[in-house]
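Text of data-v3.tsv (TSV, C-alpha atoms) as supplied:
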chain	number	residue	atom	x	y	z
A	110	MET	CA	-13.26	39.10	2.67
A	111	VAL	CA	-11.52	38.35	-0.64
A	112	ALA	CA	-13.97	35.52	-1.34
A	113	TRP	CA	-16.89	37.90	-0.77
A	114	ILE	CA	-15.43	40.45	-3.19
A	115	ILE	CA	-14.83	37.78	-5.85
A	116	ASN	CA	-18.32	36.28	-5.46
A	117	ILE	CA	-20.12	39.63	-5.48
A	118	SER	CA	-18.09	40.80	-8.49
A	119	THR	CA	-18.90	37.57	-10.33
A	120	ILE	CA	-22.62	37.91	-9.63
A	121	LEU	CA	-22.66	41.55	-10.71
A	122	LEU	CA	-20.74	40.80	-13.90
A	123	PHE	CA	-23.04	37.89	-14.67
A	124	ILE	CA	-26.10	40.12	-14.23
A	125	TYR	CA	-24.45	42.72	-16.51
A	126	THR	CA	-23.81	39.99	-19.10
A	127	ILE	CA	-27.45	38.86	-18.98
A	128	ILE	CA	-28.61	42.44	-19.55
A	129	LYS	CA	-26.09	42.96	-22.37
A	130	ASP	CA	-26.61	39.70	-24.32
A	131	LYS	CA	-28.90	37.00	-22.96
A	132	GLU	CA	-27.79	34.30	-25.45
A	133	LYS	CA	-24.07	34.74	-24.79
A	134	ALA	CA	-24.76	34.75	-21.05
A	135	LYS	CA	-26.67	31.48	-21.38
A	136	LYS	CA	-23.84	29.88	-23.40
A	137	ALA	CA	-21.26	31.09	-20.89
A	138	PHE	CA	-23.32	29.77	-17.99
A	139	VAL	CA	-23.66	26.34	-19.63
A	140	LYS	CA	-19.90	26.24	-20.31
A	141	SER	CA	-19.15	27.19	-16.72
A	142	ILE	CA	-21.46	24.46	-15.39
A	143	ILE	CA	-19.72	21.90	-17.64
A	144	LYS	CA	-16.28	23.10	-16.43
A	145	PHE	CA	-17.46	22.89	-12.83
A	146	LEU	CA	-18.75	19.35	-13.32
A	147	ASN	CA	-15.43	18.37	-14.94
A	148	LEU	CA	-13.50	19.83	-11.98
A	149	LEU	CA	-15.82	18.38	-9.33
A	150	PRO	CA	-14.12	14.95	-9.10
A	151	MET	CA	-10.71	16.63	-8.65
A	152	MET	CA	-12.12	18.95	-5.99
A	153	ILE	CA	-13.53	15.96	-4.13
A	154	VAL	CA	-10.10	14.30	-4.35
A	155	ILE	CA	-8.54	17.47	-2.90
A	156	ILE	CA	-10.95	17.51	0.04
A	157	VAL	CA	-10.49	13.79	0.72
A	158	LEU	CA	-6.69	13.98	0.38
A	159	ILE	CA	-6.38	16.93	2.72
A	160	GLY	CA	-8.78	15.27	5.17
A	161	LEU	CA	-6.77	12.05	5.13
A	162	ILE	CA	-3.48	13.86	5.58
A	163	PHE	CA	-4.75	15.81	8.55
A	164	GLY	CA	-6.57	12.76	9.90
A	165	PHE	CA	-3.42	10.68	10.06
A	166	ILE	CA	-0.74	13.34	10.48
A	167	PRO	CA	-1.23	15.64	13.47
A	168	PRO	CA	-0.39	19.32	12.97
A	169	GLU	CA	2.36	19.05	15.60
A	170	LEU	CA	4.18	16.51	13.42
A	171	ILE	CA	3.85	18.73	10.36
A	172	LYS	CA	5.17	21.66	12.36
A	173	SER	CA	8.11	19.64	13.68
A	174	TYR	CA	9.20	18.48	10.20
A	175	LEU	CA	8.22	21.49	8.12
A	176	GLY	CA	7.95	24.14	10.81
A	177	SER	CA	9.49	27.50	11.44
A	178	ASN	CA	13.06	26.34	12.01
A	179	ASP	CA	13.94	26.47	8.31
A	180	ASN	CA	16.99	24.43	7.61
A	181	ILE	CA	18.44	23.24	4.35
A	182	LEU	CA	17.55	19.61	5.14
A	183	GLN	CA	13.81	20.48	5.34
A	184	VAL	CA	14.00	22.41	2.09
A	185	VAL	CA	15.91	19.71	0.20
A	186	ALA	CA	13.66	16.92	1.55
A	187	ALA	CA	10.53	18.86	0.51
A	188	ALA	CA	12.13	19.57	-2.89
A	189	ILE	CA	12.96	15.90	-3.45
A	190	PHE	CA	9.44	14.89	-2.42
A	191	GLY	CA	8.01	17.43	-4.87
A	192	ALA	CA	10.33	16.24	-7.65
A	193	ILE	CA	9.31	12.59	-7.37
A	194	THR	CA	5.61	13.20	-6.75
A	195	LEU	CA	3.06	13.36	-9.53
A	196	ILE	CA	0.27	15.51	-8.14
A	197	PRO	CA	-1.71	17.97	-10.25
A	198	SER	CA	-1.22	21.59	-9.21
A	199	LEU	CA	-4.95	21.77	-8.62
A	200	VAL	CA	-4.47	19.32	-5.74
A	201	ALA	CA	-1.01	20.45	-4.59
A	202	LEU	CA	-1.80	24.13	-4.08
A	203	PRO	CA	-4.70	23.66	-1.64
A	204	LEU	CA	-2.65	20.97	0.11
A	205	ALA	CA	0.25	23.40	0.45
A	206	GLY	CA	-2.07	26.06	1.86
A	207	SER	CA	-3.42	23.60	4.40
A	208	LEU	CA	0.11	22.58	5.41
A	209	VAL	CA	1.06	26.23	5.96
A	210	GLU	CA	-2.08	26.70	8.08
A	211	ALA	CA	-1.05	23.63	10.10
A	212	GLY	CA	2.30	25.22	10.91
A	213	ALA	CA	4.57	24.39	7.99
A	214	SER	CA	7.03	27.06	6.93
A	215	TYR	CA	6.79	28.76	3.56
A	216	THR	CA	10.31	27.76	2.53
A	217	PRO	CA	9.91	23.94	2.37
A	218	ILE	CA	6.38	24.26	1.01
A	219	ALA	CA	7.67	26.56	-1.74
A	220	ALA	CA	10.40	24.00	-2.49
A	221	PHE	CA	7.77	21.25	-2.73
A	222	ILE	CA	5.46	23.22	-5.04
A	223	THR	CA	8.30	24.56	-7.20
A	224	THR	CA	9.94	21.19	-7.80
A	225	LEU	CA	6.53	19.60	-8.29
A	226	THR	CA	5.96	21.86	-11.27
A	227	MET	CA	9.54	22.31	-12.54
A	228	VAL	CA	11.32	18.98	-12.07
A	229	GLY	CA	10.13	16.00	-14.08
A	230	PHE	CA	11.26	12.84	-12.31
A	231	VAL	CA	8.10	10.97	-13.21
A	232	THR	CA	8.19	12.23	-16.78
A	233	LEU	CA	11.91	11.44	-17.13
A	234	PRO	CA	11.44	8.57	-19.64
A	235	ILE	CA	9.45	10.80	-22.00
A	236	GLU	CA	11.94	13.66	-21.65
A	237	LEU	CA	14.87	11.32	-22.30
A	238	LYS	CA	13.22	10.07	-25.46
A	239	GLU	CA	12.19	13.49	-26.76
A	240	LEU	CA	15.00	15.77	-25.53
A	241	GLY	CA	17.93	13.41	-25.17
A	242	LYS	CA	19.96	12.45	-22.11
A	243	LYS	CA	22.17	15.55	-21.79
A	244	LEU	CA	19.40	18.13	-22.17
A	245	THR	CA	17.04	16.22	-19.87
A	246	ILE	CA	19.63	15.94	-17.10
A	247	LEU	CA	20.69	19.59	-17.45
A	248	ARG	CA	17.10	20.82	-17.45
A	249	ASN	CA	16.15	18.83	-14.36
A	250	VAL	CA	19.34	19.69	-12.42
A	251	PHE	CA	18.98	23.40	-13.15
A	252	ALA	CA	15.25	23.26	-12.39
A	253	PHE	CA	16.00	21.62	-9.03
A	254	ILE	CA	18.70	24.18	-8.17
A	255	PHE	CA	16.49	27.11	-9.16
A	256	ALA	CA	13.59	25.61	-7.21
A	257	ILE	CA	15.76	25.61	-4.07
A	258	ILE	CA	16.85	29.21	-4.74
A	259	ILE	CA	13.24	30.30	-5.34
A	260	SER	CA	12.06	28.63	-2.13
A	261	LEU	CA	14.83	30.32	-0.14
A	262	ILE	CA	13.86	33.70	-1.61
A	263	ILE	CA	10.20	33.06	-0.76
A	264	GLY	CA	11.26	32.11	2.78
A	265	VAL	CA	13.08	35.42	3.16
A	266	LEU	CA	10.22	37.44	1.68
A	267	MET	CA	7.47	35.75	3.69

Could the structure of this file be written out as structure tokens, please?
Amino acid sequence: MVAWIINISTILLFIYTIIKDKEKAKKAFVKSIIKFLNLLPMMIVIIVLIGLIFGFIPPELIKSYLGSNDNILQVVAAAIFGAITLIPSLVALPLAGSLVEAGASYTPIAAFITTLTMVGFVTLPIELKELGKKLTILRNVFAFIFAIIISLIIGVLM
């Protein structure tokens, strides 16, 4: 239902834009096509990645490791995996949604997504060079701790 509302709103607003200023509408349409074509390879990667994950990992296995029995080990493991993984958010968010649909709990998935975006294990060498050892370690430790806290809060709220 939400997708229908978004699509219909977009079409109506595009029609309004064409009526209001045809040249600006044309420029906006060309820009949106270019953006779409730039995002298309990443969207294909998302579809393939999710397909591969669900082709090789049955939903029962996902549910058993990331399922409803939230425990701190699941959350920390998902957080560590998120911290050491370098996946663009554009790929990680649909993957996380698919994992939740397959039976994963919100808490470890929130830990994965939060550490993925907040903790910079892969970018550690750059941070060490630019920020220094003390600040880099403090930032990453606090980011990891807050990611765990955030995921636990999300688990309670969801």

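Going from CA of Ala187 in chain A to CA of Gly229 in chain A covers 14.9 Å.
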
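One distance worth recording is that between CA of Pro217 in chain A and CA of Ala192 in chain A, which is 12.6 Å.
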
Contacts of range 180-184 of chain A at 12 Å (all atoms listed in the file; same-chain gap of 3+ positions) as a PyMOL selection string: chain A and resi 171-177+187-191+213-224+253-254+256-264

Nearest to Ile159 in chain A by atom-to-atom distance, counting all atoms listed in the file, from A:Ser207, A:Asn147, A:Thr119, A:Thr226: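 Nearest candidate to Ile159 in chain A out of A:Ser207, A:Asn147, A:Thr119, A:Thr226: A:Ser207.
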
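Between CA of Leu266 in chain A and CA of Ile193 in chain A there is a distance of 26.5 Å.
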
Find the residues around Val250 in chain A up to 9 Å (all atoms listed in the file counted), leave out those fewer than 5 positions away in its own chain, and share them as a PyMOL selection string. chain A and resi 228+245+255

Using only C-alpha atoms, which residue out of A:Met267, A:Leu158, A:Leu225, A:Leu149 lies closest to Val209 in chain A?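 So, comparing all the options, the nearest one is A:Met267.
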
Generate the coordinates of N, CA and C atoms for range 129-156 of chain A; report them as an mmCIF file, keeping the file's coordinate frame.
data_model
loop_
_atom_site.group_PDB
_atom_site.id
_atom_site.type_symbol
_atom_site.label_atom_id
_atom_site.label_comp_id
_atom_site.auth_asym_id
_atom_site.auth_seq_id
_atom_site.Cartn_x
_atom_site.Cartn_y
_atom_site.Cartn_z
ATOM 1 N N LYS A 129 -26.751 42.609 -21.114
ATOM 2 C CA LYS A 129 -26.090 42.960 -22.370
ATOM 3 C C LYS A 129 -26.455 42.001 -23.509
ATOM 4 N N ASP A 130 -26.332 40.691 -23.276
ATOM 5 C CA ASP A 130 -26.610 39.700 -24.320
ATOM 6 C C ASP A 130 -27.031 38.393 -23.652
ATOM 7 N N LYS A 131 -28.337 38.146 -23.673
ATOM 8 C CA LYS A 131 -28.900 37.000 -22.960
ATOM 9 C C LYS A 131 -28.389 35.665 -23.512
ATOM 10 N N GLU A 132 -28.244 35.546 -24.841
ATOM 11 C CA GLU A 132 -27.790 34.300 -25.450
ATOM 12 C C GLU A 132 -26.345 33.976 -25.081
ATOM 13 N N LYS A 133 -25.469 34.963 -25.169
ATOM 14 C CA LYS A 133 -24.070 34.740 -24.790
ATOM 15 C C LYS A 133 -23.954 34.390 -23.307
ATOM 16 N N ALA A 134 -24.773 35.044 -22.492
ATOM 17 C CA ALA A 134 -24.760 34.750 -21.050
ATOM 18 C C ALA A 134 -25.189 33.309 -20.803
ATOM 19 N N LYS A 135 -26.192 32.860 -21.540
ATOM 20 C CA LYS A 135 -26.670 31.480 -21.380
ATOM 21 C C LYS A 135 -25.583 30.490 -21.787
ATOM 22 N N LYS A 136 -24.915 30.745 -22.932
ATOM 23 C CA LYS A 136 -23.840 29.880 -23.400
ATOM 24 C C LYS A 136 -22.682 29.856 -22.387
ATOM 25 N N ALA A 137 -22.345 31.014 -21.875
ATOM 26 C CA ALA A 137 -21.260 31.090 -20.890
ATOM 27 C C ALA A 137 -21.621 30.341 -19.617
ATOM 28 N N PHE A 138 -22.867 30.465 -19.201
ATOM 29 C CA PHE A 138 -23.320 29.770 -17.990
ATOM 30 C C PHE A 138 -23.258 28.257 -18.179
ATOM 31 N N VAL A 139 -23.702 27.777 -19.339
ATOM 32 C CA VAL A 139 -23.660 26.340 -19.630
ATOM 33 C C VAL A 139 -22.212 25.852 -19.646
ATOM 34 N N LYS A 140 -21.322 26.617 -20.278
ATOM 35 C CA LYS A 140 -19.900 26.240 -20.310
ATOM 36 C C LYS A 140 -19.315 26.198 -18.897
ATOM 37 N N SER A 141 -19.685 27.163 -18.080
ATOM 38 C CA SER A 141 -19.150 27.190 -16.720
ATOM 39 C C SER A 141 -19.660 26.024 -15.889
ATOM 40 N N ILE A 142 -20.903 25.629 -16.091
ATOM 41 C CA ILE A 142 -21.460 24.460 -15.390
ATOM 42 C C ILE A 142 -20.711 23.200 -15.823
ATOM 43 N N ILE A 143 -20.457 23.074 -17.126
ATOM 44 C CA ILE A 143 -19.720 21.900 -17.640
ATOM 45 C C ILE A 143 -18.302 21.878 -17.051
ATOM 46 N N LYS A 144 -17.632 23.023 -17.026
ATOM 47 C CA LYS A 144 -16.280 23.100 -16.430
ATOM 48 C C LYS A 144 -16.323 22.712 -14.961
ATOM 49 N N PHE A 145 -17.324 23.215 -14.249
ATOM 50 C CA PHE A 145 -17.460 22.890 -12.830
ATOM 51 C C PHE A 145 -17.644 21.387 -12.632
ATOM 52 N N LEU A 146 -18.515 20.784 -13.438
ATOM 53 C CA LEU A 146 -18.750 19.350 -13.320
ATOM 54 C C LEU A 146 -17.506 18.542 -13.666
ATOM 55 N N ASN A 147 -16.697 19.039 -14.607
ATOM 56 C CA ASN A 147 -15.430 18.370 -14.940
ATOM 57 C C ASN A 147 -14.418 18.483 -13.804
ATOM 58 N N LEU A 148 -14.433 19.612 -13.088
ATOM 59 C CA LEU A 148 -13.500 19.830 -11.980
ATOM 60 C C LEU A 148 -13.968 19.196 -10.668
ATOM 61 N N LEU A 149 -15.249 18.888 -10.578
ATOM 62 C CA LEU A 149 -15.820 18.380 -9.330
ATOM 63 C C LEU A 149 -15.112 17.125 -8.805
ATOM 64 N N PRO A 150 -14.834 16.119 -9.638
ATOM 65 C CA PRO A 150 -14.120 14.950 -9.100
ATOM 66 C C PRO A 150 -12.756 15.312 -8.505
ATOM 67 N N MET A 151 -12.022 16.215 -9.164
ATOM 68 C CA MET A 151 -10.710 16.630 -8.650
ATOM 69 C C MET A 151 -10.871 17.394 -7.340
ATOM 70 N N MET A 152 -11.905 18.213 -7.236
ATOM 71 C CA MET A 152 -12.120 18.950 -5.990
ATOM 72 C C MET A 152 -12.468 17.997 -4.854
ATOM 73 N N ILE A 153 -13.216 16.956 -5.151
ATOM 74 C CA ILE A 153 -13.530 15.960 -4.130
ATOM 75 C C ILE A 153 -12.258 15.238 -3.700
ATOM 76 N N VAL A 154 -11.385 14.921 -4.668
ATOM 77 C CA VAL A 154 -10.100 14.300 -4.350
ATOM 78 C C VAL A 154 -9.283 15.211 -3.437
ATOM 79 N N ILE A 155 -9.282 16.506 -3.725
ATOM 80 C CA ILE A 155 -8.540 17.470 -2.900
ATOM 81 C C ILE A 155 -9.053 17.428 -1.460
ATOM 82 N N ILE A 156 -10.355 17.497 -1.299
ATOM 83 C CA ILE A 156 -10.950 17.510 0.040
ATOM 84 C C ILE A 156 -10.637 16.216 0.779
#
